[in-house]
Structure formats: C-alpha cells, structure tokens
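Participant: Dropping a structure here in structure tokens format, bear with me for questions.
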Amino acid sequence: MKKASQVIISPKHHRESPERLIRRFLKKVKKERIVEEVRERRRYKKPSIKKREKQERARRARYREEQKRIRAQQRRTRKNK
C-alpha cells in the first residue's frame with residue numbers, strides 16, 4: 001500500500017491571486033503523484049502485469065542512471081583535456 005498523501009494548501013498568501021493558489025495546489029498534487037495513482041486504480045491489474053511493469057520501470061531507471069554516470073564521466077574527461 002502506498003503512503004497516505006498529505007497535500008496541505010494554506011490560505012492565500014499576502015496578495016496572492018487565485019490562479020497562483022490553484023497553480024501551487026496542482027504542483028503539489030503532481031509531485032505527490034495523486035492523479036496518476038487514481039488513474040492507475042480505475043481498473044484492476046493482474047499481479048503479473050504489475051510485476052512486469054515494476055521490472056520495466058526498474059530497468060529504465062537503471063539505464064537512466066548508467067547514462068547519467070557516462071555523461072558525467074565524459075564531461076570530466078573533456079574538462080581535463
């Protein structure tokens with residue numbers, strides 16, 4: 001089970017427009033991934049599909065981290081030349 005989300009928006013700051021208040025709310029909701037979770041829970045997913053998707057996300061994350069490490073290493077070698 002996922003942790004309970006706590007998106008707390010205080011009343012408007014001094015001279016804050018309603019649009020800015022809404023923007024702050026949307027930013028916090030997006031950061032907490034609330035909308036994505038609601039969409040995900042609309043339909044049942046078999047445990048095997050959840051597992052497959054989790055493995056795919058982990059594989060992509062490992063790939064991104066590896067690419068980030070490689071780019072940092074290339075930047076270091078360019079600086080030293």
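Just so we're on the same page: first chain in the structure tokens is A, next is B, and so on; residues restart at 1 for each chain, and ligands are numbered from 1 in the order they show up.
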Could you name the residues that touch region 19-34 of chain A at 7 Å or less, counting only C-alpha atoms, but leaving out those on the same chain fewer than 6 positions away, as a PyMOL selection string?
Facilitator: chain A and resi 5+7+9+12
Participant: Which distance in Å separates CA of Gln6 (chain A) and CA of Val35 (chain A), to one decimal?
Facilitator: 13.4 Å
Participant: Between CA of Glu56 (chain A) and CA of Ala4 (chain A), what distance in Å does the model show, to one decimal?
Facilitator: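 Value for the CA of Glu56 (chain A)-CA of Ala4 (chain A) distance: 24.9 Å.
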